[in-house]
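Dropping my_file_4.txt in here (compact mmCIF, C-alpha atoms and all ligand atoms):
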```
# COMPACT_ATOMS: atom_id res chain seq x y z
CA MET S 1064 47.64 -70.34 70.30
CA SER S 1065 47.35 -68.19 67.22
CA ASP S 1066 44.08 -67.15 65.59
CA ARG S 1067 45.14 -68.79 62.34
CA THR S 1068 42.79 -71.51 61.11
CA PRO S 1069 44.88 -74.55 60.18
CA LEU S 1070 44.81 -75.48 56.50
CA MET S 1071 45.21 -79.05 55.29
CA ALA S 1072 45.60 -79.04 51.53
CA GLY S 1073 45.94 -82.14 49.37
CA ASN S 1074 48.10 -81.71 46.29
CA TRP S 1075 47.04 -84.57 44.05
CA LYS S 1076 49.83 -83.81 41.56
CA MET S 1077 49.31 -85.71 38.26
CA ASN S 1078 47.04 -88.35 39.78
CA LEU S 1079 43.32 -89.19 39.56
CA ASN S 1080 41.32 -88.69 36.36
CA HIS S 1081 38.01 -86.85 36.60
CA LEU S 1082 36.02 -89.97 37.45
CA GLU S 1083 38.47 -90.92 40.17
CA ALA S 1084 38.40 -87.32 41.38
CA ILE S 1085 34.62 -87.49 41.82
CA ALA S 1086 34.83 -90.75 43.77
CA HIS S 1087 37.67 -89.44 45.93
CA THR S 1088 35.96 -86.12 46.71
CA GLN S 1089 32.73 -87.95 47.57
CA LYS S 1090 34.66 -90.18 49.93
CA LEU S 1091 36.16 -87.14 51.66
CA ALA S 1092 32.79 -85.41 51.81
CA PHE S 1093 31.21 -88.50 53.33
CA ALA S 1094 33.92 -88.89 55.96
CA LEU S 1095 34.33 -85.27 57.01
CA ALA S 1096 31.85 -83.77 59.45
CA ASP S 1097 30.96 -80.19 60.34
CA LYS S 1098 33.21 -80.36 63.40
CA ASP S 1099 36.19 -81.15 61.15
CA TYR S 1100 35.55 -78.10 59.00
CA ALA S 1101 35.03 -76.00 62.11
CA ALA S 1102 38.52 -76.89 63.32
CA VAL S 1103 40.46 -77.07 60.06
CA GLU S 1104 40.13 -75.68 56.56
CA VAL S 1105 40.29 -78.55 54.08
CA ALA S 1106 41.35 -78.07 50.47
CA VAL S 1107 42.19 -80.21 47.47
CA LEU S 1108 44.33 -79.27 44.50
CA PRO S 1109 43.35 -81.62 41.68
CA PRO S 1110 44.73 -81.65 38.12
CA PHE S 1111 43.12 -79.09 35.79
CA THR S 1112 41.02 -81.74 34.06
CA ASP S 1113 39.32 -82.60 37.37
CA LEU S 1114 38.44 -79.10 38.48
CA ARG S 1115 35.06 -78.88 36.78
CA SER S 1116 34.01 -82.23 38.27
CA VAL S 1117 35.12 -81.19 41.75
CA GLN S 1118 33.42 -77.82 41.38
CA THR S 1119 30.14 -79.47 40.36
CA LEU S 1120 30.22 -81.71 43.44
CA VAL S 1121 31.16 -78.92 45.82
CA ASP S 1122 28.57 -76.53 44.41
CA GLY S 1123 25.80 -79.09 44.04
CA ASP S 1124 26.14 -80.56 47.51
CA LYS S 1125 27.29 -77.36 49.23
CA LEU S 1126 30.43 -79.12 50.44
CA LYS S 1127 32.78 -77.26 52.71
CA ILE S 1128 35.86 -78.61 50.95
CA LYS S 1129 37.78 -75.84 49.20
CA TYR S 1130 39.62 -76.52 45.98
CA GLY S 1131 42.16 -75.00 43.71
CA ALA S 1132 44.65 -75.60 40.92
CA GLN S 1133 48.26 -76.73 40.93
CA ASP S 1134 49.48 -74.00 38.60
CA ILE S 1135 48.32 -70.86 36.79
CA SER S 1136 49.52 -69.02 33.73
CA ALA S 1137 51.26 -65.71 34.25
CA HIS S 1138 49.08 -64.43 31.37
CA ASP S 1139 45.33 -63.85 31.49
CA SER S 1140 44.58 -64.84 27.88
CA GLY S 1141 46.12 -65.17 24.45
CA ALA S 1142 48.41 -67.35 22.36
CA TYR S 1143 49.90 -69.49 25.14
CA THR S 1144 49.30 -73.05 24.01
CA GLY S 1145 48.71 -75.47 26.85
CA GLU S 1146 48.40 -72.82 29.55
CA ILE S 1147 45.44 -72.34 31.90
CA SER S 1148 44.61 -68.77 32.86
CA GLY S 1149 43.58 -67.07 36.08
CA PRO S 1150 40.20 -66.03 34.62
CA MET S 1151 39.53 -69.69 33.72
CA LEU S 1152 40.33 -70.79 37.27
CA ALA S 1153 38.31 -67.95 38.76
CA LYS S 1154 35.33 -68.98 36.61
CA LEU S 1155 35.59 -72.43 38.21
CA LYS S 1156 35.54 -70.69 41.62
CA CYS S 1157 38.97 -71.92 42.64
CA THR S 1158 39.90 -70.58 46.06
CA TYR S 1159 43.59 -71.46 45.82
CA VAL S 1160 46.37 -72.08 43.38
CA ALA S 1161 49.72 -73.67 44.19
CA ILE S 1162 52.55 -71.60 42.75
CA GLY S 1163 56.23 -72.42 42.50
CA HIS S 1164 56.03 -76.05 43.52
CA SER S 1165 59.53 -77.53 43.45
CA GLU S 1166 58.43 -79.97 40.74
CA ARG S 1167 57.54 -77.01 38.53
CA ARG S 1168 60.77 -75.23 39.37
CA GLN S 1169 62.79 -78.41 38.70
CA TYR S 1170 61.06 -79.94 35.67
CA HIS S 1171 59.46 -76.89 34.05
CA GLY S 1172 62.15 -74.29 34.51
CA GLU S 1173 60.15 -71.95 36.72
CA ASN S 1174 62.43 -69.24 38.05
CA GLU S 1175 61.78 -66.41 40.49
CA GLU S 1176 60.45 -64.05 37.80
CA ILE S 1177 57.93 -66.61 36.59
CA VAL S 1178 56.83 -67.46 40.13
CA ASN S 1179 56.45 -63.75 40.91
CA ALA S 1180 54.40 -63.18 37.75
CA LYS S 1181 52.16 -66.14 38.62
CA VAL S 1182 51.60 -64.84 42.16
CA LYS S 1183 50.48 -61.53 40.67
CA ALA S 1184 48.26 -63.33 38.13
CA ALA S 1185 46.54 -65.19 40.96
CA TYR S 1186 45.81 -62.00 42.92
CA ARG S 1187 44.69 -60.21 39.75
CA ASN S 1188 42.02 -62.88 39.43
CA GLY S 1189 40.96 -63.17 43.05
CA ILE S 1190 42.66 -66.52 43.66
CA LEU S 1191 44.85 -67.06 46.72
CA PRO S 1192 48.36 -68.34 46.10
CA ILE S 1193 49.78 -71.25 48.05
CA LEU S 1194 53.38 -70.27 47.47
CA CYS S 1195 55.75 -73.23 47.64
CA ILE S 1196 59.34 -72.64 48.72
CA GLY S 1197 62.08 -74.84 50.12
CA GLU S 1198 65.61 -76.02 49.67
CA PRO S 1199 67.14 -79.00 47.88
CA LEU S 1200 69.31 -81.50 49.76
CA GLU S 1201 72.67 -79.95 48.90
CA ILE S 1202 71.57 -76.61 50.34
CA ARG S 1203 70.32 -78.30 53.51
CA LYS S 1204 73.67 -80.09 53.81
CA ALA S 1205 75.49 -76.79 53.35
CA GLY S 1206 73.39 -75.31 56.19
CA THR S 1207 72.09 -72.38 54.12
CA HIS S 1208 68.48 -73.60 53.91
CA VAL S 1209 66.98 -70.62 55.75
CA GLU S 1210 68.64 -68.00 53.53
CA TYR S 1211 67.84 -70.01 50.40
CA THR S 1212 64.16 -70.35 51.29
CA LEU S 1213 63.80 -66.71 52.33
CA ALA S 1214 65.35 -65.59 49.04
CA GLN S 1215 62.61 -67.55 47.25
CA LEU S 1216 60.02 -65.79 49.43
CA ASP S 1217 61.51 -62.37 48.65
CA GLY S 1218 61.50 -63.11 44.91
CA ALA S 1219 57.93 -64.35 44.86
CA LEU S 1220 56.61 -61.33 46.77
CA ASP S 1221 58.53 -58.68 44.87
CA GLY S 1222 56.10 -55.83 44.14
CA VAL S 1223 53.17 -57.56 45.89
CA PRO S 1224 51.31 -55.06 48.11
CA ALA S 1225 50.43 -55.83 51.72
CA SER S 1226 46.71 -55.92 50.89
CA ASP S 1227 47.44 -58.96 48.70
CA ALA S 1228 50.28 -60.50 50.70
CA GLU S 1229 48.17 -60.71 53.86
CA GLN S 1230 46.09 -63.38 52.13
CA ILE S 1231 48.95 -65.55 50.93
CA VAL S 1232 49.56 -69.08 52.15
CA VAL S 1233 53.23 -70.05 52.24
CA ALA S 1234 54.17 -73.72 52.09
CA TYR S 1235 57.65 -74.66 53.24
CA GLU S 1236 58.43 -77.79 51.28
CA PRO S 1237 62.04 -78.95 51.53
CA VAL S 1238 62.77 -80.79 48.28
CA TRP S 1239 64.55 -83.64 50.07
CA ALA S 1240 61.35 -84.42 51.99
CA ILE S 1241 58.99 -84.47 49.00
CA GLY S 1242 57.91 -87.96 48.01
CA THR S 1243 60.86 -89.50 49.84
CA GLY S 1244 59.16 -90.67 53.02
CA GLU S 1245 61.72 -88.57 54.89
CA VAL S 1246 59.55 -86.05 56.71
CA ALA S 1247 61.30 -83.07 58.28
CA THR S 1248 61.42 -83.14 62.06
CA PRO S 1249 58.97 -80.77 63.75
CA GLU S 1250 62.01 -78.75 64.86
CA ASP S 1251 63.33 -78.46 61.29
CA ALA S 1252 59.90 -77.41 60.04
CA GLN S 1253 59.49 -74.90 62.87
CA GLU S 1254 62.91 -73.34 62.24
CA VAL S 1255 62.09 -72.42 58.65
CA CYS S 1256 58.38 -71.66 59.15
CA ALA S 1257 59.31 -69.25 61.96
CA ALA S 1258 61.98 -67.62 59.77
CA ILE S 1259 59.37 -67.17 57.01
CA ARG S 1260 57.10 -65.39 59.47
CA VAL S 1261 59.91 -63.13 60.65
CA ARG S 1262 60.70 -62.24 57.03
CA LEU S 1263 57.03 -61.46 56.34
CA ALA S 1264 57.13 -59.10 59.31
CA GLU S 1265 60.24 -57.42 57.89
CA LEU S 1266 58.78 -57.16 54.39
CA TYR S 1267 55.34 -55.96 55.55
CA SER S 1268 54.40 -55.81 59.22
CA ALA S 1269 54.23 -57.95 62.35
CA GLU S 1270 50.45 -57.81 62.14
CA LEU S 1271 50.46 -59.20 58.60
CA ALA S 1272 52.97 -61.91 59.51
CA GLU S 1273 50.72 -63.07 62.35
CA LYS S 1274 47.81 -63.49 59.93
CA VAL S 1275 49.58 -65.50 57.23
CA ARG S 1276 49.40 -69.26 57.35
CA VAL S 1277 52.68 -71.07 56.87
CA LEU S 1278 52.31 -74.75 56.00
CA TYR S 1279 54.81 -77.56 55.99
CA GLY S 1280 54.91 -80.06 53.11
CA GLY S 1281 56.99 -83.16 52.44
CA SER S 1282 56.04 -86.75 53.29
CA VAL S 1283 53.36 -85.71 55.79
CA LYS S 1284 51.35 -88.67 57.05
CA ALA S 1285 48.80 -89.08 59.84
CA ALA S 1286 51.58 -90.34 62.09
CA SER S 1287 53.68 -87.18 61.66
CA ALA S 1288 50.95 -84.52 61.38
CA ALA S 1289 50.27 -83.96 65.07
CA GLY S 1290 53.95 -83.48 65.92
CA LEU S 1291 54.37 -80.93 63.14
CA MET S 1292 51.16 -79.12 64.07
CA ALA S 1293 52.29 -78.83 67.68
CA LYS S 1294 54.87 -76.28 66.55
CA PRO S 1295 53.74 -72.66 66.89
CA ASP S 1296 54.63 -71.51 63.38
CA VAL S 1297 53.32 -74.56 61.49
CA ASP S 1298 49.74 -73.73 60.50
CA GLY S 1299 48.91 -76.73 58.37
CA ALA S 1300 50.26 -79.06 55.74
CA LEU S 1301 50.51 -79.47 52.00
CA ILE S 1302 50.09 -83.16 51.47
CA GLY S 1303 51.05 -85.13 48.38
CA GLY S 1304 51.02 -88.94 48.45
CA ALA S 1305 48.95 -89.25 51.62
CA ALA S 1306 46.23 -87.03 50.10
CA LEU S 1307 45.49 -89.75 47.54
CA ASP S 1308 44.36 -92.07 50.32
CA ALA S 1309 41.07 -90.64 51.60
CA ASP S 1310 41.27 -92.41 54.97
CA GLU S 1311 44.82 -91.19 55.59
CA PHE S 1312 43.95 -87.64 54.51
CA VAL S 1313 40.97 -87.56 56.86
CA LYS S 1314 43.24 -88.73 59.69
CA ILE S 1315 45.59 -85.85 58.90
CA VAL S 1316 42.65 -83.41 59.00
CA ARG S 1317 41.88 -84.94 62.42
CA TYR S 1318 45.48 -84.63 63.57
CA ARG S 1319 44.28 -83.56 67.00
CA ASP S 1320 43.06 -87.13 67.53
CA GLN S 1321 46.53 -88.55 66.80
CA ALA S 1322 49.35 -88.94 69.26
CA VAL S 1323 52.17 -86.43 68.90
CA GLY S 1324 54.82 -88.66 67.32
O1 LIG R 1401 54.99 -81.99 47.24
C1 LIG R 1401 54.23 -82.21 48.18
C2 LIG R 1401 52.98 -81.44 48.32
O2 LIG R 1401 52.94 -80.35 47.45
C3 LIG R 1401 54.52 -83.24 49.18
O3 LIG R 1401 54.43 -84.47 48.57
P1 LIG R 1401 54.52 -85.79 49.48
O4 LIG R 1401 53.54 -85.60 50.62
O5 LIG R 1401 54.13 -86.92 48.56
O6 LIG R 1401 55.93 -85.89 49.97
```
Spit out the file's structure as structure tokens when you get a sec.
Amino acid sequence: MSDRTPLMAGNWKMNLNHLEAIAHTQKLAFALADKDYAAVEVAVLPPFTDLRSVQTLVDGDKLKIKYGAQDISAHDSGAYTGEISGPMLAKLKCTYVAIGHSERRQYHGENEEIVNAKVKAAYRNGILPILCIGEPLEIRKAGTHVEYTLAQLDGALDGVPASDAEQIVVAYEPVWAIGTGEVATPEDAQEVCAAIRVRLAELYSAELAEKVRVLYGGSVKAASAAGLMAKPDVDGALIGGAALDADEFVKIVRYRDQAVG
């Protein structure tokens, strides 16, 4: 058993307006008990327009749910129409920000340089990156998924000092598993999550690699969570669709109560 506290993070993607976000967060807050938070760190990543509402609930009711954004600008201020800056997210007390999600890489042209600049922007503003990496189907079929994913890790961490990198969360999200219902097997997830940890040890130190949480993401449901979490290098999950169903998300947080499927 590692000392790493598991992290279950719900990526709401472009779902739930601010009123729905309030109702959903209240439902989670009502369902989750102190013992859940003692065992697992719970986070939500709502759309930007929901963050203020979520912050107000979390602050006002002293909730133990953490929250963060789904993206961050590489720039801290200025003429960047439509962008949201690190200082803005920090002002809303975001703990986390997802960076390099495959949907941003695929639909918004985010390359390694942009992802790297966003990682640095997050650290500059005291926000912890949840760095998303993972291969598309053709790379998996070609059998080069480990190299491909590690190259994304190298690119994202280029020039990031150990004092920052030790606080990163890495999410291995194979593109073929995202939103498809085709969850990776625990063995597939373990293979790449372990390789990520080995690379972190090479880039920094074994001590740092032992501290960093490596999550799996891609069609995680309550039925698959326990099996994934049984693997030694899987420290949590980044959950899309299932995070929009409060009951299902709570079951994932309580994965220890589920059978290993
Ligand atoms: O992209 C994901 C989380 O960031 C995973 O999404 P799904 O859980 O809907 O497959």
Work out how far apart CA of Gly1244 in chain S and CA of Ser1282 in chain S are and give it in Å to one decimal.
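Rounded to one decimal, the two atoms are 5.0 Å apart.
Of the residues under consideration (S:Tyr1267, S:Glu1250, S:Phe1312, S:Ala1185), S:Glu1250 shows the shortest atom-to-atom contact distance to Pro1295 in chain S when counting all atoms listed in the file.
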Produce as a ChimeraX atom specification the set of residues near ligand LIG 1401 (chain R), where near means within 9 Å with all atoms listed in the file considered.
/S:1072-1076,1133,1161,1164-1166,1195,1234,1236-1246,1279-1284,1300-1306
Separation of CA of His1138 in chain S and CA of Met1077 in chain S, in Å?
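About the pair CA of His1138 in chain S and CA of Met1077 in chain S: they are 22.4 Å apart.
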Please, what distance in Å, to one decimal, runs between CA of Gly1299 in chain S and CA of Gln1253 in chain S?
11.6 Å
Name the closest residue to Ala1272 in chain S among the candidates S:Glu1083, S:Asp1296, S:Asp1134, S:Asp1320; distances are taken between atoms, counting only C-alpha atoms.
S:Asp1296
